[in-house]
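Novice: Attaching a single structure in structure tokens format; questions to follow.
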Amino acid sequence: MTETLEKQHLAIETRDMHLFYGHFRAVKDVDLQVIPQKITAIIGPSGCGKSTVLRSFNRMNDFVPSFHMEGEVLFHGQNIYATDVDPVMVRQRIGMVFQKPNPFPKSIYDNVAWGARINGFKENMDDLVEQTLRQAALWDEVKDDLRKSGLSLSGGQQQRLCIARALAVKPEIILMDEPCSALDPIATLKIEDLMRELSEQYTIIIVTHNMQQAARASDHTAFFTMDEDRAGIMVEYGETNQIFTNPRDKRTEDYITGRFG
Amino acid sequence: MSGYFSTPKSNLAMRHRVGGVWKAIFFLSTAIGLLALAVLVITILDDVFGLVAVVDKVDRTTLADRPLEDLEKDELLAILDKKVSVNRLRTIQRNGGFTLDEIPAGEVYELVIAEVVKPTVEESYPLFDSLFKRAEIEAEVAQKHPDATIYFYSWLNQRFLTNSMSTTPQLAGVRTALFGSLWIIVITVAFAFPIGVGAAIYLEEYASRSWVNRVIQTNIDNLAGVPSIVYGILGLAIFVRTLSALTSGKAFGVEGVETGRTVLAAGLTMGLLVLPILIINAQEAVRAVPNSLRQASYGLGATQWQTIWHHVLPSAFPGILTGTILAVSRAIGETAPLILVGASSLINKDPQGIFSYFTALPIQIYNWTSRPQAEFRNIAAAAIIVLLVVLLSLNAVAILTRNRLTRRAP
Ligand SMILES: Nc1ncnc2c1ncn2[C@@H]1O[C@H](COP(=O)(O)OP(=O)(O)OP(=O)(O)O)[C@@H](O)[C@H]1O
Ligand SMILES: [Mg+2]
């Protein structure tokens, strides 16, 4: 698969990426090529470094003092860890949705508008709020009272609000770290439908523990596991269909069939 | 029946007994605290209200054939004309900024009492004796001061609030001290609040965990426990002496203030005193802001400053306000540093600005309690009530503001 792709068509490409917390090597030697306008799932056992990898794509790991990395993460062919790159700009282009819904303690409207406002959005804010809330499939549920606190919504609604908030900044890539782990099956399905729709415009990378979700909702899947010294390694990466029906690696097969550990 | 949850009977009884004992001990601790508070309040009230035996210097019946309260204004003026010297009358009008013609009858009556009748309190009795031993008191007064009148008197009254310092207890008031205290609080907060919050933000959001910052942190924690007299010495050295040109206002061309013993120096000294308290509380408030909020902000491409200004500070603000309440409560009651930086209890001119000599409520209270006459104890107690009311109302304002803010942003 990778041979058929040219570099400029990739949303994100990592080269010899090693991620460290202090002396501990959390992730070892990852070469991953994320295809634009597709949904890429990252799966693997707990503690294998999925979140660490995801956060390294928009430099959210910078806030962990002991964190450092080796190798390159390329975005539009540019290493986002190069010294002349402003991490704030990176995060504007590569947005993030967190595991636990974390709306701001502000109104629904301000939750959506704030990110756009600080990024210098000058056009009609009402339109942007409506448009992104519609994109996030939340508009019909909240349109009557946008002044209500974002925290007064249900967990699933809050998570869609967080997605709308991320969309309002108009990123190219959206990173999602187990976005459905706090939600019930119906809300989960809603988010999956939403991801499918968003993938027409955005590149989505999602970390999930839910095998069915990865199989259902993603186009490509990367399987991570830990090697002997607990460093995370990428075992296999390919089309989701192939990973789930015809894994090349024994460890992948064991994991997806539930024989892991 | 021996069920799944059954434990041996004796065991359960034992556990209940131990639980009961602990509950009693905790209740007792609370009760002791409440009791102490009640005793304190009662002691103060005991001094503020009570019977007084008053002897008029001039017998009222010799002034008019009706009670003085019922006289018309011109009758009262006639008494003043007859009994008070022209010079004295002129002085009164000049000092008060009025003329006798324009003031209402009620005020003329007050003047007649103060200038002619001149009632003096010969004895004052505490509230509880006044309530329960009235007969004994009346007997005692009848024997010691046959021509005295006895009535119930509240030392905390309007005159007490609006008068300034006087050597006569009945005429002394707390106005000057009240204004002094308020000025000090305003300066203290204006000085310490921005610095305290700034330092807390720096220490929590910017500072790395290097050893330098750890030393700074330890020092701040220790400074909060330094005795206030030490801050007084510090304030005396820095603000009163070294920076006297600034604190006396000379550097800004202000005339008439010779030394740095001004309300500004006192406010700045108090500011230093409460700074560690403010920093520590603000730090705790900033630390309590959940990290998920910062992450959400950074994830949208916000800078560190935008994150702090739009999310961390608003979320931490109620906590910061609580710290400010504590700081103000501390500053308003402190006495020792004020003595050192030169509060004077003999001032009867209100502070006109930051470059004024001053006195403050705790100074006034301290001064009055150390006088021998019993009546000064009464007005000291009244001043304590004023101090407590000021303190409680400042706190109430801060608490209401905080509650409103927390309700808006849950
Ligand atoms: N802030 C941190 N400081 C130090 N070590 C960390 C930090 N975050 C994660 N680690 C370590 O890095 C390794 C990978 O953690 P990570 O959170 O990426 O795992 P994960 O695959 O997302 O796990 P899970 O599925 O449970 O979320 C773990 O061994 C973890 O202990
Ligand atoms: Mg994780």
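Chain labels run A, B, ... following the order of the structure tokens; each chain numbers its residues from 1, and ligands are numbered from 1 in the order shown.
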Residues contacting ligand 2 - anything with an atom at most 8 Å away, using only C-alpha atoms and all ligand atoms - can you give me those as a ChimeraX atom specification?
Specialist: /A:46-47,49-52,177-178,207
Novice: I need the chosen residues saved as a short mmCIF file (atom, residue, chain, number, x, y, z; two decimals), in the first residue's frame, with N, CA, C and O atoms.
Specialist:
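Below you can see part06.cif, which holds the result:
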data_model
loop_
_atom_site.label_atom_id
_atom_site.label_comp_id
_atom_site.auth_asym_id
_atom_site.auth_seq_id
_atom_site.Cartn_x
_atom_site.Cartn_y
_atom_site.Cartn_z
N SER A 46 -3.32 -1.74 26.40
CA SER A 46 -3.14 -0.57 27.25
C SER A 46 -1.67 -0.36 27.58
O SER A 46 -0.95 -1.31 27.89
N GLY A 47 -1.22 0.87 27.52
CA GLY A 47 0.14 1.19 27.88
C GLY A 47 1.16 1.01 26.76
O GLY A 47 2.35 1.18 26.98
N GLY A 49 1.47 2.89 24.21
CA GLY A 49 1.94 4.17 23.68
C GLY A 49 1.05 4.79 22.62
O GLY A 49 1.49 5.70 21.91
N LYS A 50 -0.20 4.36 22.53
CA LYS A 50 -1.10 4.92 21.50
C LYS A 50 -1.32 6.42 21.72
O LYS A 50 -1.19 7.22 20.80
N SER A 51 -1.66 6.76 22.98
CA SER A 51 -1.91 8.18 23.26
C SER A 51 -0.64 8.99 23.05
O SER A 51 -0.69 10.12 22.55
N THR A 52 0.49 8.43 23.46
CA THR A 52 1.75 9.13 23.29
C THR A 52 2.00 9.44 21.82
O THR A 52 2.39 10.56 21.46
N ASP A 177 -8.61 10.81 20.87
CA ASP A 177 -8.07 9.80 21.78
C ASP A 177 -9.22 9.14 22.54
O ASP A 177 -9.76 9.73 23.47
N GLU A 178 -9.59 7.97 22.11
CA GLU A 178 -10.71 7.23 22.72
C GLU A 178 -11.91 8.15 22.95
O GLU A 178 -12.38 8.30 24.09
N VAL A 207 -7.70 6.88 18.31
CA VAL A 207 -7.22 5.79 19.17
C VAL A 207 -8.45 5.13 19.76
O VAL A 207 -9.35 5.81 20.24
#
Novice: Which residues of chain B are close to chain A, meaning at most 12 Å apart when you count only C-alpha atoms, and how do they look as a PyMOL selection string?
Specialist: chain B and resi 205-210+289-307+309-312+314-315+405-410
Novice: Any residue with an atom at most 8 Å from ligand 1 counts, using only C-alpha atoms and all ligand atoms. Which are they? Put them as a PyMOL selection string.
Specialist: chain A and resi 20-22+24-27+44-53+61+64+66-67+178+207-209+230-232
Novice: Let's see if you can do this: from backbone DSSP, list all helix (DSSP H, G or I) residues in range 47-246 of chain A, as a VMD selection string.
Specialist: chain A and resid 50 to 56 60 to 63 87 to 93 108 to 118 125 to 135 139 to 142 150 to 152 155 to 168 185 to 198 211 to 217 240 to 245
Novice: Fewer than 3 positions away in the same chain doesn't count, so skip those; otherwise give me all residues within 8 Å of Gln33 in chain A, counting only C-alpha atoms, as a list in words.
Specialist: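 Returned residues: Thr2, Leu10, Ala11, Ile12, Glu13 and Thr14 of chain A.
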Novice: CA of Arg134 in chain A and CA of Ser181 in chain A, how far apart in Å?
Specialist: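 CA of Arg134 in chain A lies 22.8 Å from CA of Ser181 in chain A.
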Novice: Measuring between only C-alpha atoms, which one of B:Met270, B:Thr369, B:Ala64, B:Ile320 shows the shortest distance to Ile384 in chain B?
Specialist: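 Smallest distance to Ile384 in chain B is found for B:Thr369.
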Novice: I'd like the contact shell of Leu189 in chain A - 10 Å cut-off, only C-alpha atoms, skipping same-chain residues fewer than 3 positions apart - returned as a VMD selection string.
Specialist: chain A and resid 180 183 to 186 192 to 195 213 216 to 217
Novice: Kindly export the residues of the current selection with N, CA and C atoms, as a compact mmCIF listing (two decimals), in the first residue's frame.
Specialist:
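Generated output (part23.txt):
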# COMPACT_ATOMS: atom_id res chain seq x y z
N CYS A 180 -14.96 7.88 22.48
CA CYS A 180 -16.26 7.29 22.85
C CYS A 180 -16.19 6.50 24.14
N LEU A 183 -18.90 7.09 26.60
CA LEU A 183 -20.25 7.22 26.05
C LEU A 183 -20.96 5.88 25.95
N ASP A 184 -22.28 5.93 25.89
CA ASP A 184 -23.06 4.71 25.72
C ASP A 184 -23.08 4.30 24.25
N PRO A 185 -23.55 3.08 23.92
CA PRO A 185 -23.47 2.60 22.54
C PRO A 185 -24.17 3.50 21.53
N ILE A 186 -25.28 4.10 21.92
CA ILE A 186 -26.01 4.93 20.94
C ILE A 186 -25.23 6.20 20.63
N GLU A 192 -19.55 7.85 15.54
CA GLU A 192 -18.95 7.14 14.40
C GLU A 192 -19.53 7.63 13.08
N ASP A 193 -20.87 7.81 13.03
CA ASP A 193 -21.48 8.36 11.82
C ASP A 193 -20.88 9.71 11.49
N LEU A 194 -20.74 10.48 12.56
CA LEU A 194 -20.19 11.83 12.41
C LEU A 194 -18.79 11.78 11.82
N MET A 195 -17.97 10.86 12.34
CA MET A 195 -16.60 10.73 11.83
C MET A 195 -16.62 10.40 10.34
N GLN A 213 -15.36 -0.92 16.82
CA GLN A 213 -15.34 0.45 16.34
C GLN A 213 -14.26 0.64 15.29
N ARG A 216 -15.43 -1.13 12.16
CA ARG A 216 -16.56 -0.46 11.54
C ARG A 216 -16.18 0.86 10.90
N ALA A 217 -15.47 1.66 11.69
CA ALA A 217 -15.42 3.08 11.36
C ALA A 217 -14.14 3.53 10.66
Novice: If DSSP is run on the backbone, what residues of range 68-179 of chain B are strand (DSSP E)? A reply as a list in words would be ideal.
Specialist: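 Of range 68-179 of chain B, the ones in strand (DSSP E) are Pro119, Thr120, Val121, Glu122, Glu123, Ser124, Thr149, Ile150, Tyr151, Phe152, Tyr153 and Ser154 of chain B.
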Novice: Since we have the selection now, will you write its residues out, keeping all heavy atoms, as a CSV table (one decimal), in the first residue's frame?
Specialist:
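So part-v7.csv came out as:
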chain,number,residue,atom,x,y,z
B,119,PRO,N,-23.2,67.3,80.4
B,119,PRO,CA,-23.3,66.1,81.2
B,119,PRO,C,-22.0,65.3,81.3
B,119,PRO,O,-21.4,65.2,80.2
B,119,PRO,CB,-24.4,65.4,80.5
B,119,PRO,CG,-24.4,65.8,79.1
B,119,PRO,CD,-23.8,67.2,79.1
B,120,THR,N,-21.7,64.8,82.4
B,120,THR,CA,-20.5,64.0,82.5
B,120,THR,C,-20.9,62.6,83.1
B,120,THR,O,-21.7,62.5,84.0
B,120,THR,CB,-19.4,64.5,83.4
B,120,THR,OG1,-20.0,65.1,84.5
B,120,THR,CG2,-18.6,65.6,82.6
B,121,VAL,N,-20.3,61.6,82.5
B,121,VAL,CA,-20.6,60.2,83.0
B,121,VAL,C,-19.8,60.0,84.2
B,121,VAL,O,-18.6,60.0,84.2
B,121,VAL,CB,-20.3,59.2,81.9
B,121,VAL,CG1,-20.5,57.8,82.5
B,121,VAL,CG2,-21.2,59.4,80.7
B,122,GLU,N,-20.4,59.8,85.4
B,122,GLU,CA,-19.7,59.6,86.6
B,122,GLU,C,-19.4,58.1,86.8
B,122,GLU,O,-18.3,57.7,87.3
B,122,GLU,CB,-20.4,60.1,87.8
B,122,GLU,CG,-20.6,61.7,87.8
B,122,GLU,CD,-19.3,62.4,88.0
B,122,GLU,OE1,-18.3,61.7,88.4
B,122,GLU,OE2,-19.2,63.6,87.7
B,123,GLU,N,-20.4,57.3,86.4
B,123,GLU,CA,-20.2,55.8,86.6
B,123,GLU,C,-20.8,55.2,85.3
B,123,GLU,O,-21.8,55.7,84.8
B,123,GLU,CB,-20.9,55.3,87.8
B,123,GLU,CG,-20.5,55.8,89.1
B,123,GLU,CD,-19.1,55.2,89.6
B,123,GLU,OE1,-18.7,54.2,89.0
B,123,GLU,OE2,-18.5,55.8,90.5
B,124,SER,N,-20.2,54.1,84.9
B,124,SER,CA,-20.9,53.3,83.8
B,124,SER,C,-20.9,51.8,84.3
B,124,SER,O,-19.9,51.4,84.9
B,124,SER,CB,-20.2,53.5,82.5
B,124,SER,OG,-19.1,52.7,82.4
B,149,THR,N,-28.5,61.5,87.2
B,149,THR,CA,-29.6,60.7,86.6
B,149,THR,C,-29.1,59.4,86.0
B,149,THR,O,-27.9,59.4,85.5
B,149,THR,CB,-30.3,61.5,85.5
B,149,THR,OG1,-29.3,62.1,84.6
B,149,THR,CG2,-31.2,62.6,86.0
B,150,ILE,N,-29.9,58.4,86.1
B,150,ILE,CA,-29.4,57.1,85.6
B,150,ILE,C,-30.2,56.7,84.4
B,150,ILE,O,-31.5,56.9,84.4
B,150,ILE,CB,-29.7,56.0,86.7
B,150,ILE,CG1,-28.8,56.3,87.9
B,150,ILE,CG2,-29.4,54.6,86.1
B,150,ILE,CD1,-29.0,55.2,88.9
B,151,TYR,N,-29.6,56.4,83.3
B,151,TYR,CA,-30.3,55.9,82.1
B,151,TYR,C,-29.5,54.9,81.4
B,151,TYR,O,-28.3,54.8,81.6
B,151,TYR,CB,-30.8,57.0,81.2
B,151,TYR,CG,-29.8,58.0,80.7
B,151,TYR,CD1,-29.1,57.7,79.6
B,151,TYR,CD2,-29.5,59.2,81.4
B,151,TYR,CE1,-28.2,58.6,79.1
B,151,TYR,CE2,-28.6,60.1,81.0
B,151,TYR,CZ,-27.9,59.8,79.8
B,151,TYR,OH,-27.0,60.7,79.4
B,152,PHE,N,-30.2,54.2,80.5
B,152,PHE,CA,-29.6,53.2,79.7
B,152,PHE,C,-28.9,53.8,78.5
B,152,PHE,O,-29.4,54.6,77.8
B,152,PHE,CB,-30.6,52.2,79.3
B,152,PHE,CG,-30.1,50.8,78.9
B,152,PHE,CD1,-29.8,49.9,79.9
B,152,PHE,CD2,-29.8,50.5,77.6
B,152,PHE,CE1,-29.3,48.7,79.5
B,152,PHE,CE2,-29.3,49.3,77.2
B,152,PHE,CZ,-29.0,48.4,78.2
B,153,TYR,N,-27.6,53.4,78.3
B,153,TYR,CA,-26.9,54.1,77.3
B,153,TYR,C,-26.2,53.1,76.4
B,153,TYR,O,-25.6,52.1,76.8
B,153,TYR,CB,-25.8,55.0,77.9
B,153,TYR,CG,-25.1,55.9,77.0
B,153,TYR,CD1,-25.7,57.0,76.4
B,153,TYR,CD2,-23.7,55.8,76.8
B,153,TYR,CE1,-25.1,57.8,75.5
B,153,TYR,CE2,-23.0,56.6,75.9
B,153,TYR,CZ,-23.7,57.7,75.3
B,153,TYR,OH,-23.1,58.5,74.4
B,154,SER,N,-26.2,53.4,75.0
B,154,SER,CA,-25.4,52.6,74.1
B,154,SER,C,-24.2,53.4,73.7
B,154,SER,O,-24.3,54.5,73.1
B,154,SER,CB,-26.3,52.3,72.9
B,154,SER,OG,-25.4,51.9,71.8
Novice: Please, what distance in Å, to one decimal, runs between CA of Ile385 in chain B and CA of Ala265 in chain B?
Specialist: 26.2 Å
Novice: Would you mind listing what lies within 6 Å of range 179-195 of chain B as a PDB file with N, CA and C atoms, in the first residue's frame, with only C-alpha atoms counted and same-chain residues fewer than 6 positions away left out?
Specialist:
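Dumped to part19.pdb:
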ATOM      1  N   GLY B 267      -0.051  51.002  54.341  1.00  0.00           N
ATOM      2  CA  GLY B 267      -0.686  50.114  53.379  1.00  0.00           C
ATOM      3  C   GLY B 267       0.317  49.202  52.700  1.00  0.00           C
ATOM      4  N   LEU B 268       1.466  49.772  52.325  1.00  0.00           N
ATOM      5  CA  LEU B 268       2.490  48.962  51.662  1.00  0.00           C
ATOM      6  C   LEU B 268       3.048  47.913  52.624  1.00  0.00           C
ATOM      7  N   MET B 270       1.468  46.549  55.156  1.00  0.00           N
ATOM      8  CA  MET B 270       0.434  45.514  55.245  1.00  0.00           C
ATOM      9  C   MET B 270       0.423  44.671  53.977  1.00  0.00           C
ATOM     10  N   GLY B 271       0.675  45.313  52.841  1.00  0.00           N
ATOM     11  CA  GLY B 271       0.733  44.582  51.574  1.00  0.00           C
ATOM     12  C   GLY B 271       1.801  43.506  51.623  1.00  0.00           C
ATOM     13  N   LEU B 275       1.143  39.463  51.447  1.00  0.00           N
ATOM     14  CA  LEU B 275       1.561  38.937  50.141  1.00  0.00           C
ATOM     15  C   LEU B 275       1.743  37.413  50.142  1.00  0.00           C
ATOM     16  N   PHE B 358      -2.053  59.067  59.880  1.00  0.00           N
ATOM     17  CA  PHE B 358      -3.268  58.260  60.026  1.00  0.00           C
ATOM     18  C   PHE B 358      -3.310  57.601  61.385  1.00  0.00           C
ATOM     19  N   THR B 359      -4.498  57.137  61.714  1.00  0.00           N
ATOM     20  CA  THR B 359      -4.649  56.179  62.791  1.00  0.00           C
ATOM     21  C   THR B 359      -5.558  55.088  62.248  1.00  0.00           C
ATOM     22  N   ALA B 360      -5.680  53.991  62.976  1.00  0.00           N
ATOM     23  CA  ALA B 360      -6.487  52.889  62.465  1.00  0.00           C
ATOM     24  C   ALA B 360      -7.272  52.281  63.617  1.00  0.00           C
TER      25      ALA B 360
END
Novice: Under the rule that only C-alpha atoms are counted, which of A:Val112, A:Met17, A:Ala222, A:Lys38 is the nearest residue to Ser199 in chain A?
Specialist: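 Residue with the minimum atom-to-atom distance to Ser199 in chain A: A:Lys38.
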Novice: For a quick check of understanding, using only C-alpha atoms, which of B:Val116, B:Val54, B:Ala396, B:Met165 has the smallest distance to Ala142 in chain B?
Specialist: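 When distances to Ala142 in chain B are compared using only C-alpha atoms, the smallest one comes from B:Val54.
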